[in-house]
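Report on the following structure.
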Amino acid sequence: MKYIKHVYFKVLIIFIVLFNITCFNAITYSQQTNILNGAWNCNQEKIHGNGLKAIKLLNSQKHSFDVLKYTLNVDLFNCFSSPYPHSFSANEIISFKIDTALSSINLNAVNNSLVIDSVNMSATSFMHVGNILNIKLNRMYNPGEITKVKIYYHHRDVKDSVFYTGNGIVYTDCEPEGARKWFPCWDKPSDKALSEITAKVPVGVLFGSNGSLQDSTVNGDSLYYHWVNHDPIATYLMVMTSKIGYKLDMVYWHKHTDSTKLVPVRFYYNRGENPAPSEDIICNMTTFYSSLFGEYPFEKIGFATLDTQFTWGGMEDQTLISLCPGCWQPDLISHEFAHHWFGDMISPATWADVFLNEGFATYCEALWDEHSTGYERYKYDIFTDAYRYLLVNPGWAIYNPSWAHRTPDTDTLFNVAISYYKGTGLLHMFRRLVGDSVFFAAIKSYATDTVNFKYRNATIPDFITKMNLSCGQNLDWFFDEWLKQPNHPVYKNNYNIINNGNDTWTVNFTVKQVQPNAGFFRMPIKLRVVFGDLNDTSIGDLSDTSIIISDTTIKVINDANNQVFSFTFSKQPHSVEFDPDNDIVLKQATLTEGTAESKGNDNDAAAHLYQNTPNPCSGKTQIAFELPSAMSVKIVIYDMHGQTVCDYADTNMSAGKQQVEFDASGLKKGAYYYSLETGHRKIVKKMSVK
């Protein structure tokens with residue numbers, strides 16, 4: 001069945017390509033694409049997972065307490081014998097701190113899965129209705145107080161797509177809100193807590209869970225495993241994984257901060273599988289991710305393949321990743337393991353913030369390929385993910401604030417085009433926008449921020465604020481358009497080349513966006529002017545984002561629709577290329593040669609901008625221009641990354657030759673641009689500061 005579904009998806013892609021291929025430009029990579037990459041497998045596990053659609057919260061009250069720890073004691077002994085029932089008995093102690101004066105608490109507990117038997121400690125009675133467990137406390141508690149309740153319960157003998165048994169295997173799979181089907185909890189990712197699990201299983205069973213194995217003791221035919229998790233965890237990341245006849249391999253990773261300390265890496269796998277390829281790369285991968293995002297944040301690394309009930313991909317359970325049978329491919333490992341920084345260490349505050357999980361993990365697949373194979377492979381991954389997004393984009397925004405209050409169905413929440421592929425395209429464009437050094441420093445600053453994020457939660461607005469601070473610039477415009485509005489720019493551009501008759505030629509390039517159901521996308525764009533002799537058309541190593549201009553490649557800011565850029569050259573241009581390196585990877589575009597479009601008048605088109613003098617300059621320099629008639633003008637000086645250095649505007653400048661004086665003494669040495677804006681026309685020239 002799994003093979004049939006995969007083939008169907010490939011056929012569907014081919015069908016869609018026939019209708020869409022002419023709309024997508026700048027994809028020159030091979031179409032021999034493995035659609036089943038790590039992101040795809042991760043997505044499929046989640047949308048075919050725990051059946052969130054069947055859960056409806058009733059009478060859910062405002063959260064008024066903070067869970068500090070879940071301590072679970074579960075008896076799974078009978079689940080490993082035929083007929084492999086789904087029933088088990090358990091008790092749990094929930095330690096929590098009161099945030100608002102209260103005399104009762106509400107927990108999530110699905111009635112169809114869990115039966116509550118009794119409560120004690122600070123609990124005196126309970127009511128279990130509508131998937132909510134209301135526990136009455138023994139008195140009124142005040143903010144700041146800490147107390148505990150103990151709950152005795154059992155799991156019904158039902159299949160609920162969260163607690164799985166069969167043929168000697170028992171495991172759980174919870175994301176996004178399935179933990180409430182195997183233990184009562186406050187099942188929201190914002191309330192992270194410590195956890196401790198003791199499980200009773202038959203002798204011969206290997207049992208894994210979150211954190212570190214404290215001990216395992218034998219009592220007759222029973223084996224008791226005791227796992228303690230010392231780091232905060234979201235409930236959807238809590239896991240039990242166990243099987244009779246599991247194979248277990250161990251390797252160790254040396255911590256960077258103390259090379260004498262070893263982090264164990266556990267590989268649980270089924271007979272006949274070969275995890276060696278993953279075992280060979282995991283230490284290198286841990287070192288690589290640690291160099292980018294801060295040292296691996298947990299006490300253990302773990303992977304476990306499950307059975308055929310877990311048909312799709314993987315799940316990033318904290319310190320023990322779940323994988324489909326035989327799924328030891330590097331792209332899936334790199335995706336799920338990256339979640340240990342983005343999703344596990346920094347968890348989404350709400351399900352509206354799922355981009356901070358899946359967009360990042362998918363992007364890390366490309367980063368790992370860049371590290372292990374090279375930059376060309378990174379570009380291939382990014383372009384392929386963008387291609388997939390364009391094929392199946394459903395047309396909604398990455399960030400939907402309403403999801404913070406009402407979790408959507410899993411098909412929507414984990415939509416592969418939006419949460420995965422568009423997310424990774426956004427991060428690639430962010431990297432190209434600010435440059436490698438700023439990008440990686442900003443992401444590391446986010447991941448290592450122990451005050452706000454590390455072992456805590458983040459919202460998308462939190463992330464944007466952190467990026468603004470780390471990058472030293474206001475990037476709200478970029479994140480707002482790519483995260484908060486749907487779809488992508490659809491360019492319908494044109495240009496013309498004019499022979500001025502004095503051994504100079506002018507290129508007029510009109511940038512026009514025509515996308516439906518989306519606003520305007522302000523973006524820096526590259527235009528490559530190709531000359532008849534085809535010389536000087538390279539901009540160098542694309543991995544060096546400090547190189548943004550050569551003799552024929554110019555980067556400008558497209559900040560208005562139907563915007564016209566004009567450039568004058570002393571040799572004859574042959575053609576113009578738009579976004580030649582596909583930096584705006586999430587787009588569709590057409591480019592025609594003909595008459596440049598302009599909403600300005602004829603006089604507007606006749607404005608002329610001269611080279612500044614002196615050039616190069618170290619102090620004051622004169623920027624001269626000529627106007628055919630009185631009009632409003634704006635002079636803007638901006639740096640190599642498109643950031644405005646200063647601007648000058650005059651709403652009623654007279655006709656004729658004019659000039660403004662610019663003092664460059666406060667600028668760093670290097671290349672800058674200056675532009676003359678008249679109506680919808682922008683004329684750009686380069687200046688050098690020495």
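So you can find residues: chains in the structure tokens are A, B, ... in the order shown, residues in each start at 1, and ligands are numbered from 1 in order.
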
Region 228-231 of chain A surroundings by only C-alpha atoms, 10 Å radius, close-in-sequence under 4 positions cut, as a list in words: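 With the cut-off at 10 Å, the set is Lys69, Tyr70, Thr71, Lys192, Ala193, Leu194, Ser195, Glu196, Ile197, Thr198, Ser209, Asn210, Gly211, Ser212, Leu213, Gln214, Asp215, Met238, Pro297, Phe298, Glu299, Lys300, Gln318, Thr319, Asp344, Met345 and Tyr455 of chain A.
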
File of the preceding selection, C-alpha atoms, as a PDB file, in the first residue's frame:
```
ATOM      1  CA  LYS A  69       6.538  17.460  35.885  1.00  0.00           C
ATOM      2  CA  TYR A  70       4.674  14.377  34.689  1.00  0.00           C
ATOM      3  CA  THR A  71       5.593  11.170  36.548  1.00  0.00           C
ATOM      4  CA  LYS A 192       6.636  22.259  28.751  1.00  0.00           C
ATOM      5  CA  ALA A 193       7.494  20.135  31.780  1.00  0.00           C
ATOM      6  CA  LEU A 194       9.922  17.506  33.013  1.00  0.00           C
ATOM      7  CA  SER A 195       8.930  13.869  32.646  1.00  0.00           C
ATOM      8  CA  GLU A 196       9.632  10.510  34.249  1.00  0.00           C
ATOM      9  CA  ILE A 197       8.313   7.155  33.055  1.00  0.00           C
ATOM     10  CA  THR A 198       8.469   3.740  34.702  1.00  0.00           C
ATOM     11  CA  SER A 209      11.630   6.717  26.180  1.00  0.00           C
ATOM     12  CA  ASN A 210      12.671  10.337  26.640  1.00  0.00           C
ATOM     13  CA  GLY A 211      15.802  11.271  28.571  1.00  0.00           C
ATOM     14  CA  SER A 212      18.197   8.862  30.268  1.00  0.00           C
ATOM     15  CA  LEU A 213      17.718   5.286  31.392  1.00  0.00           C
ATOM     16  CA  GLN A 214      18.159   5.367  35.170  1.00  0.00           C
ATOM     17  CA  ASP A 215      17.781   1.638  35.767  1.00  0.00           C
ATOM     18  CA  MET A 238       6.677  12.358  24.961  1.00  0.00           C
ATOM     19  CA  PRO A 297      20.970  20.354  23.909  1.00  0.00           C
ATOM     20  CA  PHE A 298      19.889  17.002  25.362  1.00  0.00           C
ATOM     21  CA  GLU A 299      21.300  14.094  27.352  1.00  0.00           C
ATOM     22  CA  LYS A 300      20.756  11.394  24.737  1.00  0.00           C
ATOM     23  CA  GLN A 318      12.560  14.329  22.114  1.00  0.00           C
ATOM     24  CA  THR A 319      15.767  12.238  22.393  1.00  0.00           C
ATOM     25  CA  ASP A 344      12.111  20.101  20.734  1.00  0.00           C
ATOM     26  CA  MET A 345      14.569  22.550  22.340  1.00  0.00           C
ATOM     27  CA  TYR A 455      14.283  24.986  26.366  1.00  0.00           C
TER      28      TYR A 455
END
```

Neighbouring residues of Ser291 (chain A) were defined as those with any atom within 10 Å, considering only C-alpha atoms; residues of the same chain fewer than 5 positions away were excluded. Please report them as an MDAnalysis selection string. chainID A and resid 256 285:286 296 444

Hey, which of A:Leu306, A:Leu68, A:Ala39, A:Ala589 ends up closest to Asp331 (chain A)? Count only C-alpha atoms.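 Result for the nearest residue to Asp331 (chain A): A:Ala39.
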
Give me, as a ChimeraX atom specification, the residues of region 399-598 of chain A that a backbone DSSP run labels strand (DSSP E). /A:457-458,490-499,505-511,523-531,553-558,563-569,573-578,588-593

Using only C-alpha atoms, which protein or nucleic acid residues come within 10 Å of region 89-102 of chain A? Drop anything in the same chain fewer than 4 positions from it, and give the result as number ranges by chain. A: 62-77, 114-121, 136-137, 139-156, 182-186, 193-199

Residues of region 18-255 of chain A classed as helix (DSSP H, G or I) by DSSP on the backbone are to be reported as a VMD selection string. chain A and resid 18 to 23 38 to 47 52 to 54 77 to 80 179 to 181 235 to 237

For a quick check of understanding, using only C-alpha atoms, which of A:Pro516, A:Gly178, A:Gly168, A:Pro573 has the smallest distance to Asn496 (chain A)? A:Pro573

Which residues are near Leu332 (chain A)? Cut-off 7 Å, only C-alpha atoms, ignore same chain within fewer than 3 positions. Put them as a list in words. Asn37, Gly38, Gln329, His335 and Glu336 of chain A

Please compute the CA of Asn219 (chain A)-CA of Val205 (chain A) distance, one decimal, in Å. 13.6 Å

Test item: residues at most 9 Å from region 651-667 of chain A, only C-alpha atoms, excluding those fewer than 2 positions along its chain, as a list in words: Cys617, Ser618, Gly619, Lys620, Thr621, Gln622, Ile623, Ala624, Phe625, Glu626, Leu627, Pro628, Ser629, Ala630, Met631, Ser632, Val633, Lys634, Ile635, Ile637, Val645, Tyr648, Ala649, Lys669, Gly670 and Val689 of chain A

Find the residues around region 272-275 of chain A up to 7 Å (only C-alpha atoms counted), leave out those fewer than 3 positions away in its own chain, and share them as a PyMOL selection string. chain A and resi 269+278-279+326+328

Counting only C-alpha atoms, the residue of A:Ser566, A:Ser81, A:Thr590, A:Asn108 that sits nearest Val201 (chain A):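 Of A:Ser566, A:Ser81, A:Thr590, A:Asn108, the one nearest Val201 (chain A), counting only C-alpha atoms, is A:Ser81.
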
CA of Phe453 (chain A) and CA of Ser290 (chain A) are how many Å apart?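 CA of Ser290 (chain A) lies 16.3 Å from CA of Phe453 (chain A).
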